[in-house]
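> Have a look at this one.
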Amino acid sequence: MCVNGSTQHHHYYLPSQDVDSKGEEYETDVNSVVLIGANGSGKTRIGEWLERMYPQKVQRISSLRNLSLPRKIKLSSQSASVNQMMYGRDEAQSDHSWLYEYDTDISQHRTITSSVSNFEPSIAALVAKENEANRSISREVTYTSQKQLEQATIDKAQSRPEVRIQSLFSSIFPHRKIYIHENTIYAIDSRKELTEETRTQGYNGSELSDGERAALYVIAQAICLPENKIVVVDEPELHLHLSVIKPLWAAIEKERPDCLFIYITHDLEFAEAHRESDKIWVHGYDGQQWQFDRIEEVGELPSALEMEIMGSRKPVIFVEGRPSSASLDYSLYSLLYPEYQIKSLEGCRQVIEAVRAYRRNNRLHRNDVYGIVDRDRRTPDQIEELKKDGIHVLEVAEIENLFLLEDVMQVVIEHMLPESSPMGKIKDYVINKRFNNRVKKLAAEQFRDTITAQLHTMFASEDTDVTEKKIQDLVDGIKSTREAIDEEYQQIGQSGEYAAVLAVLNDKDTVKDIGELFGLPKKSYISTVLRWLNSNSEIAENLRQAFLKHLPDFQNEANDKDAQL
């Protein structure tokens with residue numbers, strides 16, 4: 001850190017995106033930097049790299065931190081306890097490796113995957129620092145004249161570690177007051193005045209909640225660290241409620257303006273709250289090089305979904321269904337495409353927009369993003385146009401009809417009713433009871449959607465006469481459009497072509513009722529098939545192959561693209 005007038009300049013380091021270079025230095029005039037990225041993007045490894053490359057400048061607070069605290073703290077000198085907190089040894093070391101478990105199989109410390117157990121040394125350092133402050137005040141009381149004593153003693157008393165940690169902790173947890181008693185941390189209800197009598201009524205710090213211990217851990221380290229350190233905080237949100245995270249770290253940054261805090265997170269809200277901080281978006285790590293960008297504006301931060309896609313090692317399929325619930329689309333496609341990441345979006349329009357947007361996204365550079373949507377009365381031209389963008393339309397009207405496919409039901413029949421074949425009865429029920437009995441209503445719905453689609457594709461011209469003609473042409477064709485649709489639906493019903501019926505039958509109740517024809521409880525057919533699909537039995541693979549006959553083969557599509565390149 002350097003100070004220029006009233007402005008503090010902090011220097012930090014990031015690995016170069018060139019393999020041959022050790023790292024690059026950056027400068028900021030605020031004391032926080034945020035590294036944001038999806039899980040698996042290499043963020044933690046940047047923190048480990050910083051700790052390894054600059055061990056005397058960097059203190060890393062690992063995400064794998066052991067937050068258990070013994071009832072009795074083992075005391076040692078201030079320097080020894082601070083060294084234990086920073087290096088895992090009583091004496092300062094050339095690196096921080098002793099903080100991590102040693103793996104005899106690889107003959108090195110596991111700095112990425114092992115947990116850090118330096119909570120007790122952090123509290124021991126705090127107690128030692130408090131004891132030293134008290135001794136200093138006591139000496140001053142002994143050797144300083146009364147006139148000189150007053151303000152000097154007050155200043156020292158107000159900057160004691162116990163006072164500082166009380167202030168920080170109570171600002172985050174106003175219902176709780178912590179204090180040092182018998183060289184151990186204690187807590188008490190904040191409504192009680194802290195006196196010599198009430199000091200014995202508190203409870204041991206080991207009994208604090210997970211969130212309170214997490215806050216105490218980082219506060220203790222922040223107060224006890226030597227000056228001008230770079231503090232790398234991996235997952236600052238761990239064990240803490242969203243309402244606590246931002247004010248806690250803001251208070252710590254204010255308490256230690258001499259230190260630079262580098263936060264490693266995937267929490268967009270946390271990144272956005274640090275509006276003035278340098279922000280680094282980590283795209284990925286291939287074992288040798290990191291890919292990252294500096295984000296200049298908050299608006300340039302990636303969305304949570306974009307980060308998830310980028311961090312995923314799997315190709316992505318967007319499907320219909322509420323993201324917050326286990327939709328039928330998500331449940332089925334997750335089982336049929338286990339090698340893909342399935343992401344649910346609210347509806348078909350959102351799926352279409354997402355696939356097109358992410359395929360065009362220059363920051364992703366990925367074409368292995370696909371979509372599956374219901375047929376929903378789309379025309380062949382509309383289906384072909386969507387396919388060009390990687391969006392595949394089902395050959396049946398809606399996802400429920402996939403469970404009515406003859407190939408799928410045949411697997412169920414062979415498993416449940418090997419001695420009989422109700423297939424003819426089931427197909428007759430679907431065609432005559434569910435389709436022909438509702439054919440007029442289904443045709444009317446198709447007519448409505450066809451006219452709506454034509455209106456959506458009609459662009460108004462600046463010339464009112466041209467616009468009027470377009471509208472008039474549509475009106476003139478309404479009657480013939482309706483007649484053509486009615487005729488098409490009547491022919492489908494009369495032909496008895498089962499596949500053609502499933503392509504236009506929009507009726508979610510059909511599959512709910514079909515279970516009774518298999519001897520299953522009403523409305524249990526889909527859940528039964530999904531349960532079989534998720535099993536390790538032979539029927540799971542048979543069902544999977546039956547479904548996939550009627551669904552897109554994304555692997556072949558990707559291979560064809562590679563061949564064209």
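By order in the structure tokens, chains are A, B, ...; within a chain, residues start at 1; ligands start at 1, following the order shown.
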Which residues in stretch 7-53 of chain A does DSSP call alpha helix (DSSP H)? List them as a ChimeraX atom specification.
/A:43-53
> Would you export the selected residues with N, CA, C and O atoms as a PDB file, in the first residue's frame, please?

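Result file is selection16.pdb:
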ATOM      1  N   LYS A  43     -11.610 -19.912  -9.460  1.00  0.00           N
ATOM      2  CA  LYS A  43     -11.465 -18.777  -8.543  1.00  0.00           C
ATOM      3  C   LYS A  43     -10.615 -19.139  -7.326  1.00  0.00           C
ATOM      4  O   LYS A  43      -9.702 -18.410  -6.955  1.00  0.00           O
ATOM      5  N   THR A  44     -10.941 -20.267  -6.698  1.00  0.00           N
ATOM      6  CA  THR A  44     -10.205 -20.678  -5.498  1.00  0.00           C
ATOM      7  C   THR A  44      -8.730 -20.885  -5.813  1.00  0.00           C
ATOM      8  O   THR A  44      -7.851 -20.570  -4.995  1.00  0.00           O
ATOM      9  N   ARG A  45      -8.440 -21.397  -6.987  1.00  0.00           N
ATOM     10  CA  ARG A  45      -7.044 -21.631  -7.355  1.00  0.00           C
ATOM     11  C   ARG A  45      -6.281 -20.317  -7.531  1.00  0.00           C
ATOM     12  O   ARG A  45      -5.071 -20.276  -7.343  1.00  0.00           O
ATOM     13  N   ILE A  46      -6.986 -19.246  -7.895  1.00  0.00           N
ATOM     14  CA  ILE A  46      -6.319 -17.933  -7.928  1.00  0.00           C
ATOM     15  C   ILE A  46      -5.942 -17.516  -6.511  1.00  0.00           C
ATOM     16  O   ILE A  46      -4.849 -16.994  -6.271  1.00  0.00           O
ATOM     17  N   GLY A  47      -6.847 -17.749  -5.556  1.00  0.00           N
ATOM     18  CA  GLY A  47      -6.533 -17.445  -4.159  1.00  0.00           C
ATOM     19  C   GLY A  47      -5.344 -18.247  -3.672  1.00  0.00           C
ATOM     20  O   GLY A  47      -4.453 -17.715  -2.989  1.00  0.00           O
ATOM     21  N   GLU A  48      -5.303 -19.539  -4.028  1.00  0.00           N
ATOM     22  CA  GLU A  48      -4.180 -20.386  -3.633  1.00  0.00           C
ATOM     23  C   GLU A  48      -2.891 -19.921  -4.305  1.00  0.00           C
ATOM     24  O   GLU A  48      -1.816 -19.922  -3.699  1.00  0.00           O
ATOM     25  N   TRP A  49      -3.000 -19.483  -5.562  1.00  0.00           N
ATOM     26  CA  TRP A  49      -1.840 -18.966  -6.298  1.00  0.00           C
ATOM     27  C   TRP A  49      -1.289 -17.716  -5.614  1.00  0.00           C
ATOM     28  O   TRP A  49      -0.072 -17.571  -5.439  1.00  0.00           O
ATOM     29  N   LEU A  50      -2.167 -16.818  -5.212  1.00  0.00           N
ATOM     30  CA  LEU A  50      -1.749 -15.597  -4.521  1.00  0.00           C
ATOM     31  C   LEU A  50      -1.032 -15.931  -3.218  1.00  0.00           C
ATOM     32  O   LEU A  50       0.016 -15.364  -2.903  1.00  0.00           O
ATOM     33  N   GLU A  51      -1.585 -16.852  -2.442  1.00  0.00           N
ATOM     34  CA  GLU A  51      -0.977 -17.225  -1.167  1.00  0.00           C
ATOM     35  C   GLU A  51       0.389 -17.858  -1.385  1.00  0.00           C
ATOM     36  O   GLU A  51       1.323 -17.636  -0.610  1.00  0.00           O
ATOM     37  N   ARG A  52       0.507 -18.647  -2.440  1.00  0.00           N
ATOM     38  CA  ARG A  52       1.767 -19.350  -2.710  1.00  0.00           C
ATOM     39  C   ARG A  52       2.829 -18.416  -3.281  1.00  0.00           C
ATOM     40  O   ARG A  52       4.009 -18.501  -2.931  1.00  0.00           O
ATOM     41  N   MET A  53       2.422 -17.497  -4.175  1.00  0.00           N
ATOM     42  CA  MET A  53       3.386 -16.623  -4.839  1.00  0.00           C
ATOM     43  C   MET A  53       3.838 -15.471  -3.949  1.00  0.00           C
ATOM     44  O   MET A  53       4.974 -14.983  -4.065  1.00  0.00           O
TER      45      MET A  53
END
> For A:Met85, list every protein, DNA or RNA residue within 6 Å, evaluated using only C-alpha atoms, and leave out those in the same chain fewer than 6 positions away; present the list as a CSV table (one decimal) with C-alpha atoms, in the first residue's frame.

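And here's around-v2.csv as it stands now:
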chain,number,residue,atom,x,y,z
A,118,ASN,CA,-7.0,-21.7,12.8
A,121,PRO,CA,-5.2,-19.4,17.2
A,122,SER,CA,-7.2,-16.5,15.9
> Which is closer to A:Ala304 than all the others in A:Asn39, A:Thr184, A:Asn432, A:Asn31, using only C-alpha atoms?
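The shortest atom-to-atom distance to A:Ala304 comes from A:Asn39.
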> Between atom CA of A:Val232 and atom CA of A:Ile61, what is the distance, to one decimal in Å?
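Pair atom CA of A:Val232 / atom CA of A:Ile61 returns 6.0 Å.
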> Please provide the set of residues having any atom within 7 Å of A:Tyr186, restricted to only C-alpha atoms, with same-chain residues fewer than 5 positions apart removed, written as a ChimeraX atom specification.
/A:178-181,202-205
> Write out as a PDB file with C-alpha atoms, in the first residue's frame which residues come within 7 Å of stretch 344-359 of chain A when counting only C-alpha atoms, dropping same-chain ones fewer than 3 positions away.

ATOM      1  CA  PHE A 318     -32.943 -25.136 -22.115  1.00  0.00           C
ATOM      2  CA  VAL A 319     -36.410 -26.577 -21.528  1.00  0.00           C
ATOM      3  CA  GLU A 320     -39.812 -25.267 -20.490  1.00  0.00           C
ATOM      4  CA  GLY A 321     -40.927 -25.189 -16.860  1.00  0.00           C
ATOM      5  CA  ARG A 322     -40.645 -22.966 -13.820  1.00  0.00           C
ATOM      6  CA  PRO A 323     -36.988 -22.677 -12.774  1.00  0.00           C
ATOM      7  CA  TYR A 330     -36.717 -30.940 -16.261  1.00  0.00           C
ATOM      8  CA  ARG A 366     -20.265 -21.670 -27.210  1.00  0.00           C
ATOM      9  CA  ASN A 367     -22.602 -23.313 -29.691  1.00  0.00           C
ATOM     10  CA  VAL A 369     -26.470 -24.560 -26.127  1.00  0.00           C
ATOM     11  CA  TYR A 370     -29.758 -26.069 -27.295  1.00  0.00           C
ATOM     12  CA  GLY A 371     -33.471 -25.844 -26.609  1.00  0.00           C
ATOM     13  CA  VAL A 373     -39.968 -26.803 -26.797  1.00  0.00           C
ATOM     14  CA  ASP A 389     -30.966 -21.815 -34.153  1.00  0.00           C
ATOM     15  CA  ILE A 391     -34.101 -25.089 -30.893  1.00  0.00           C
TER      16      ILE A 391
END
> What's the 8 Å shell around stretch 504-508 of chain A, counting only C-alpha atoms, without same-chain residues fewer than 5 positions away, as a compact mmCIF listing (two decimals) with C-alpha atoms, in the first residue's frame?

# COMPACT_ATOMS: atom_id res chain seq x y z
CA ASP A 376 -47.88 -26.23 -29.67
CA ARG A 377 -49.51 -25.95 -33.12
CA VAL A 396 -45.92 -34.38 -30.38
CA ALA A 397 -48.09 -31.48 -29.27
CA GLU A 398 -46.73 -31.32 -25.70
CA GLU A 400 -47.09 -35.22 -21.80
CA ASN A 401 -47.74 -36.88 -25.17
CA ARG A 434 -59.88 -37.78 -26.26
CA PHE A 435 -59.39 -36.42 -29.80
CA LEU A 442 -58.93 -28.37 -30.83
> Under the rule that only C-alpha atoms are counted, which of A:Arg89, A:Lys440, A:Arg139, A:Lys229 is the nearest residue to A:Ser32?
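Nearest candidate to A:Ser32 out of A:Arg89, A:Lys440, A:Arg139, A:Lys229: A:Lys229.
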> What's around A:Leu551 at 10 Å? Count only C-alpha atoms, leave out sequence neighbours fewer than 6 positions away in its own chain, and write the answer as a VMD selection string.
chain A and resid 333 336 372 392 to 395 402 545
> Looking at A:Tyr337, A:Gly23, A:Lys425, A:Ser62, which one is nearest to A:Leu99, with distances taken over only C-alpha atoms?
A:Ser62
> May I have all residues of stretch 267-487 of chain A that DSSP, computed from the backbone, assigns to strand (DSSP E or B), given as JSON, numbers by chain?
{"A": [278, 279, 280, 281, 282, 283, 284, 285, 290, 291, 292, 293, 294, 295, 316, 317, 318, 319, 320, 341, 342, 343, 344, 345, 369, 370, 371, 372, 373, 391, 392, 393]}
> What does the distance between atom CA of A:Val501 and atom CA of A:Phe403 come to in Å, to one decimal place?
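That distance, rounded to one decimal, is 13.7 Å.
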> Taking only C-alpha atoms into account, name the residue in A:Tyr100, A:Ser76, A:Thr265, A:Arg65 that is nearest to A:Gly37.
A:Thr265
